[in-house]
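Trainee: Dropping a structure here in structure tokens format, bear with me for questions.
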Amino acid sequence: MLSVIYNPVAGPKIVKKIDRLRALLEARGIPFEIVKTSGPGEAVSLAKEAAHAGAETVLAVGGDGTVNEVANGLAGSRTRLAVVPHGTGNVFAQEMGLPKTVAGCLDLLDNGKTIEVPLARAEERYFVVLASAGFDAEVVERMGHRQKNLLGIGAYVLAGMRHLLRPQPTLWMEFPGRERMEVQAVIVCRGKKYGGGVTMAPAANIEGNTLQVVALRKTGRLALLGFALNALRGKHSSSPAVLIREERSVLVRSRIPSAAQVDGDYLGPLPVRFEMTDVMLRIVVPSSYNAASPGTPPSP
């Protein structure tokens with residue numbers, strides 16, 4: 001039995017995508033059940049129930065937030081996570097090189113491969129691809145589904161520009177061994193990708209057991225703007241204002257209230273410890289996927 005979990009507010013045309021998915025599953029003779037979430041966090045319990053019932057695969061239909069919730073429900077189980085992307089950023093889909101069509105994603109159930117990745121954790125919440133603290137997490141905190149559905153990735157750009165006018169609190173990072181550093185923003189990467197097609201951590205390997213911590217050491221609004229522009233051009237990693245460091249954990253604090261996010265969903269206020277765990281997640285990916293390569297192109 002294939003368990004399908006979808007988020008009804010994941011973006012426009014989600015109903016058409018689910019109808020298309022249902023028709024394809026029926027045509028292929030695949031036993032399935034489709035369940036929609038009714039609110040934040042429900043996909044975690046739905047995925048956990050599916051795993052306990054012995055489902056071989058749970059198919060998440062939605063954006064990165066839905067994928068994160070389903071991953072939290074499947075963490076440590078033998079049930080595989082498969083994804084049909086339908087969100088704003090779709091960073092997970094970019095990272096894994098998922099097909100752009102429903103049919104292509106379903107083909108992976110037979111023609112793809114299954115990888116096992118260790119999950120990272122922010123306090124009690126697992127994350128798959130990335131997390132962050134500071135500026136972009138505060139932007140995520142202020143975003144609503146209506147804004148994202150109307151403007152897509154442009155909603156983040158507009159919200160970011162507005163938020164840049166506000167006072168920007170600095171953060172304190174603390175690494176193992178109590179080494180401390182004052183920074184303006186922290187992005188904690190398991191994979192290479194970030195929103196908008198940006199490759200944030202070129203050396204990241206999601207199948208590995210470490211984090212890539214990307215931190216903006218220069219403080220202030222202009223530093224944030226420069227970091228964003230350099231990231232869009234793929235030049236941030238060579239900037240002396242940017243630290244990229246491989247670690248197993250990092251603690252981030254702020255004297256003035258600030259926020260953290262995981263896989264594009266608001267997590268809560270700082271302080272937050274980001275750390276690797278030994279809990280594994282099984283993921284269905286294209287057969288051509290290679291986590292160690294410089295970048296895996298999306299499948300057709």
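Identifiers for the structure tokens are assigned positionally: chains receive A, B, ... in sequence, residues are indexed from 1 per chain, and ligands are indexed from 1 in the order shown.
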Quick one: DSSP helix (DSSP H, G or I) residues in stretch 10-246 of chain A, as a count of residues only?

Mentor: 96

Trainee: Show which residues sit within 12 Å of A:Pro269, as a VMD selection string. Count only C-alpha atoms, and ignore same-chain residues fewer than 3 positions away.

Mentor: chain A and resid 122 to 123 132 to 134 137 to 138 141 252 to 261 266 272 to 273

Trainee: Write out the residues from the selection above, keeping C-alpha atoms, as a PDB file, in the first residue's frame.

Mentor:
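Contents of the output file part-v8.pdb:
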ATOM      1  CA  ALA A 122      17.330  21.489  15.610  1.00  0.00           C
ATOM      2  CA  GLU A 123      16.296  20.969  19.229  1.00  0.00           C
ATOM      3  CA  SER A 132      19.063  28.672   9.583  1.00  0.00           C
ATOM      4  CA  ALA A 133      19.062  31.335  12.259  1.00  0.00           C
ATOM      5  CA  GLY A 134      18.725  35.084  11.975  1.00  0.00           C
ATOM      6  CA  ALA A 137      14.466  32.639   9.519  1.00  0.00           C
ATOM      7  CA  GLU A 138      12.808  35.886  10.607  1.00  0.00           C
ATOM      8  CA  GLU A 141       8.413  33.572  10.414  1.00  0.00           C
ATOM      9  CA  VAL A 252      23.242  29.791  17.996  1.00  0.00           C
ATOM     10  CA  ARG A 253      22.138  32.494  20.439  1.00  0.00           C
ATOM     11  CA  SER A 254      20.945  36.080  20.179  1.00  0.00           C
ATOM     12  CA  ARG A 255      20.795  38.841  22.790  1.00  0.00           C
ATOM     13  CA  ILE A 256      17.879  40.455  20.938  1.00  0.00           C
ATOM     14  CA  PRO A 257      15.031  38.049  20.037  1.00  0.00           C
ATOM     15  CA  SER A 258      15.603  36.263  16.733  1.00  0.00           C
ATOM     16  CA  ALA A 259      14.346  33.123  15.023  1.00  0.00           C
ATOM     17  CA  ALA A 260      15.296  29.753  13.565  1.00  0.00           C
ATOM     18  CA  GLN A 261      13.776  27.769  10.691  1.00  0.00           C
ATOM     19  CA  TYR A 266       9.519  28.499  11.207  1.00  0.00           C
ATOM     20  CA  VAL A 272      18.779  26.666  19.134  1.00  0.00           C
ATOM     21  CA  ARG A 273      21.326  23.873  18.873  1.00  0.00           C
TER      22      ARG A 273
END

Trainee: Take atom CA of A:Ile5 and atom CA of A:Lys36 and report the distance between them in Å, one decimal.

Mentor: 5.7 Å

Trainee: As a PyMOL selection string, list the residues of stretch 62-222 of chain A assigned to strand (DSSP E) by DSSP on the backbone atoms of this structure.

Mentor: chain A and resi 62+80-85+113-122+125-127+130-134+171-174+180-183+185-189+211-216

Trainee: Could you check the closest approach to A:Ile244 for each of A:Thr219, A:Gln168, A:Asn90, A:Gln212 and tell me which residue wins, using only C-alpha atoms?

Mentor: A:Gln212

Trainee: If you count only C-alpha atoms, which residues fall within 9 Å of A:Val262, apart from same-chain ones fewer than 6 positions away, as a ChimeraX atom specification?

Mentor: /A:65,68,121-122,125-132,137

Trainee: Just want the 12 Å neighbourhood of A:Pro99, counted on only C-alpha atoms, with same-chain residues fewer than 3 positions away dropped. Output as an MDAnalysis selection string.

Mentor: chainID A and resid 82:86 90 92:96 102:108 112 284:289 296:300

Trainee: Those same residues, written as a CSV table (one decimal), in the first residue's frame with C-alpha atoms?

Mentor:
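What ended up in again-v4.csv:
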chain,number,residue,atom,x,y,z
A,82,ALA,CA,9.1,9.7,-1.9
A,83,VAL,CA,8.2,13.2,-3.0
A,84,VAL,CA,6.1,14.9,-5.7
A,85,PRO,CA,7.2,18.6,-5.2
A,86,HIS,CA,4.5,21.2,-5.1
A,90,ASN,CA,11.2,23.1,-3.5
A,92,PHE,CA,14.5,19.2,-1.5
A,93,ALA,CA,13.5,18.6,-5.1
A,94,GLN,CA,16.4,20.6,-6.4
A,95,GLU,CA,18.8,18.8,-4.0
A,96,MET,CA,17.7,15.4,-5.1
A,102,VAL,CA,4.0,13.7,-11.4
A,103,ALA,CA,4.5,10.7,-13.8
A,104,GLY,CA,8.3,11.2,-13.6
A,105,CYS,CA,8.2,11.1,-9.8
A,106,LEU,CA,6.0,8.0,-9.8
A,107,ASP,CA,8.5,6.3,-12.1
A,108,LEU,CA,11.1,6.6,-9.4
A,112,GLY,CA,14.9,5.1,-9.0
A,284,VAL,CA,13.7,7.5,-3.1
A,285,VAL,CA,15.8,9.4,-5.6
A,286,PRO,CA,16.7,9.2,-9.3
A,287,SER,CA,19.1,6.4,-10.2
A,288,SER,CA,21.5,9.1,-11.5
A,289,TYR,CA,21.6,10.9,-8.1
A,296,THR,CA,22.7,16.8,-9.7
A,297,PRO,CA,20.6,18.2,-12.6
A,298,PRO,CA,16.8,17.8,-12.3
A,299,SER,CA,15.4,14.8,-14.1
A,300,PRO,CA,13.1,15.4,-17.0

Trainee: Excluding A:Glu49 and its own-chain neighbours fewer than 2 positions away, which residues fall within 12 Å of it when counting only C-alpha atoms? Please give them as an MDAnalysis selection string.

Mentor: chainID A and resid 3 5 35 42:47 51:55 58 70 72:74 77 79

Trainee: Would you please work out which residue, of A:Arg22, A:Arg78, A:Arg233, A:Arg282, is nearest to A:Leu119 when using only C-alpha atoms?

Mentor: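 Of the candidates, the smallest distance to A:Leu119 is held by A:Arg282.
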
Trainee: Restricting the calculation to only C-alpha atoms: of A:Lys100, A:Val183, A:Leu109, A:Tyr6, which residue gets closest to A:Arg28?

Mentor: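 Under the stated criterion, the closest residue is A:Leu109.
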
Trainee: Tell me which protein, DNA and RNA residues are within 10 Å of A:Val213, counting only C-alpha atoms, leaving out same-chain ones fewer than 2 positions away, and put them as a list in words.

Mentor: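 The residues that qualify are Leu130, Ala131, Ser132, Val186, Ile187, Val188, Cys189, Arg190, Met200, Ala201, Ala204, Thr210, Leu211, Ala215, Leu243, Ile244, Arg245, Glu246, Glu247, Arg248, Ser249, Val250 and Phe274 of chain A.
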
Trainee: Just write the chosen residues, N, CA and C atoms, as an mmCIF file, in the first residue's frame.

Mentor:
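Final output, saved to part18.cif:
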data_model
loop_
_atom_site.group_PDB
_atom_site.id
_atom_site.type_symbol
_atom_site.label_atom_id
_atom_site.label_comp_id
_atom_site.auth_asym_id
_atom_site.auth_seq_id
_atom_site.Cartn_x
_atom_site.Cartn_y
_atom_site.Cartn_z
ATOM 1 N N LEU A 130 18.256 21.804 5.036
ATOM 2 C CA LEU A 130 18.904 22.975 5.629
ATOM 3 C C LEU A 130 18.077 23.557 6.760
ATOM 4 N N ALA A 131 18.755 24.347 7.564
ATOM 5 C CA ALA A 131 18.122 25.131 8.621
ATOM 6 C C ALA A 131 18.876 26.449 8.698
ATOM 7 N N SER A 132 18.358 27.396 9.478
ATOM 8 C CA SER A 132 19.063 28.672 9.583
ATOM 9 C C SER A 132 18.609 29.420 10.825
ATOM 10 N N VAL A 186 23.327 32.769 10.089
ATOM 11 C CA VAL A 186 23.853 31.405 10.092
ATOM 12 C C VAL A 186 22.920 30.517 9.265
ATOM 13 N N ILE A 187 23.488 29.783 8.318
ATOM 14 C CA ILE A 187 22.744 28.792 7.536
ATOM 15 C C ILE A 187 23.420 27.452 7.755
ATOM 16 N N VAL A 188 22.654 26.480 8.207
ATOM 17 C CA VAL A 188 23.184 25.165 8.542
ATOM 18 C C VAL A 188 22.726 24.185 7.470
ATOM 19 N N CYS A 189 23.671 23.700 6.692
ATOM 20 C CA CYS A 189 23.343 22.921 5.497
ATOM 21 C C CYS A 189 23.688 21.445 5.667
ATOM 22 N N ARG A 190 22.746 20.602 5.247
ATOM 23 C CA ARG A 190 23.032 19.180 5.050
ATOM 24 C C ARG A 190 23.258 18.921 3.574
ATOM 25 N N MET A 200 24.379 26.837 -1.840
ATOM 26 C CA MET A 200 24.880 27.517 -0.648
ATOM 27 C C MET A 200 26.134 26.851 -0.095
ATOM 28 N N ALA A 201 26.173 25.517 -0.113
ATOM 29 C CA ALA A 201 27.295 24.783 0.477
ATOM 30 C C ALA A 201 27.811 23.769 -0.541
ATOM 31 N N ALA A 204 28.872 20.213 0.576
ATOM 32 C CA ALA A 204 27.979 19.419 1.419
ATOM 33 C C ALA A 204 27.668 18.068 0.779
ATOM 34 N N THR A 210 28.057 15.111 8.674
ATOM 35 C CA THR A 210 28.432 16.417 9.200
ATOM 36 C C THR A 210 27.532 17.512 8.639
ATOM 37 N N LEU A 211 27.577 18.665 9.300
ATOM 38 C CA LEU A 211 26.889 19.868 8.848
ATOM 39 C C LEU A 211 27.890 20.780 8.138
ATOM 40 N N ALA A 215 28.270 31.023 7.668
ATOM 41 C CA ALA A 215 27.999 32.164 8.542
ATOM 42 C C ALA A 215 28.528 33.454 7.921
ATOM 43 N N LEU A 243 32.163 32.606 6.423
ATOM 44 C CA LEU A 243 32.807 31.417 6.970
ATOM 45 C C LEU A 243 31.995 30.193 6.578
ATOM 46 N N ILE A 244 32.643 29.179 6.016
ATOM 47 C CA ILE A 244 31.997 27.892 5.756
ATOM 48 C C ILE A 244 32.824 26.833 6.470
ATOM 49 N N ARG A 245 32.160 26.127 7.375
ATOM 50 C CA ARG A 245 32.901 25.234 8.267
ATOM 51 C C ARG A 245 32.142 23.930 8.464
ATOM 52 N N GLU A 246 32.863 22.837 8.455
ATOM 53 C CA GLU A 246 32.270 21.517 8.661
ATOM 54 C C GLU A 246 32.279 21.182 10.143
ATOM 55 N N GLU A 247 31.102 20.874 10.682
ATOM 56 C CA GLU A 247 30.970 20.604 12.108
ATOM 57 C C GLU A 247 29.915 19.524 12.333
ATOM 58 N N ARG A 248 29.897 18.980 13.532
ATOM 59 C CA ARG A 248 28.842 18.048 13.938
ATOM 60 C C ARG A 248 27.705 18.772 14.653
ATOM 61 N N SER A 249 28.002 19.937 15.248
ATOM 62 C CA SER A 249 26.962 20.686 15.943
ATOM 63 C C SER A 249 27.371 22.143 16.068
ATOM 64 N N VAL A 250 26.374 23.001 16.259
ATOM 65 C CA VAL A 250 26.611 24.420 16.509
ATOM 66 C C VAL A 250 25.417 24.959 17.296
ATOM 67 N N PHE A 274 21.860 23.160 16.626
ATOM 68 C CA PHE A 274 21.763 22.356 15.413
ATOM 69 C C PHE A 274 22.828 21.267 15.510
#
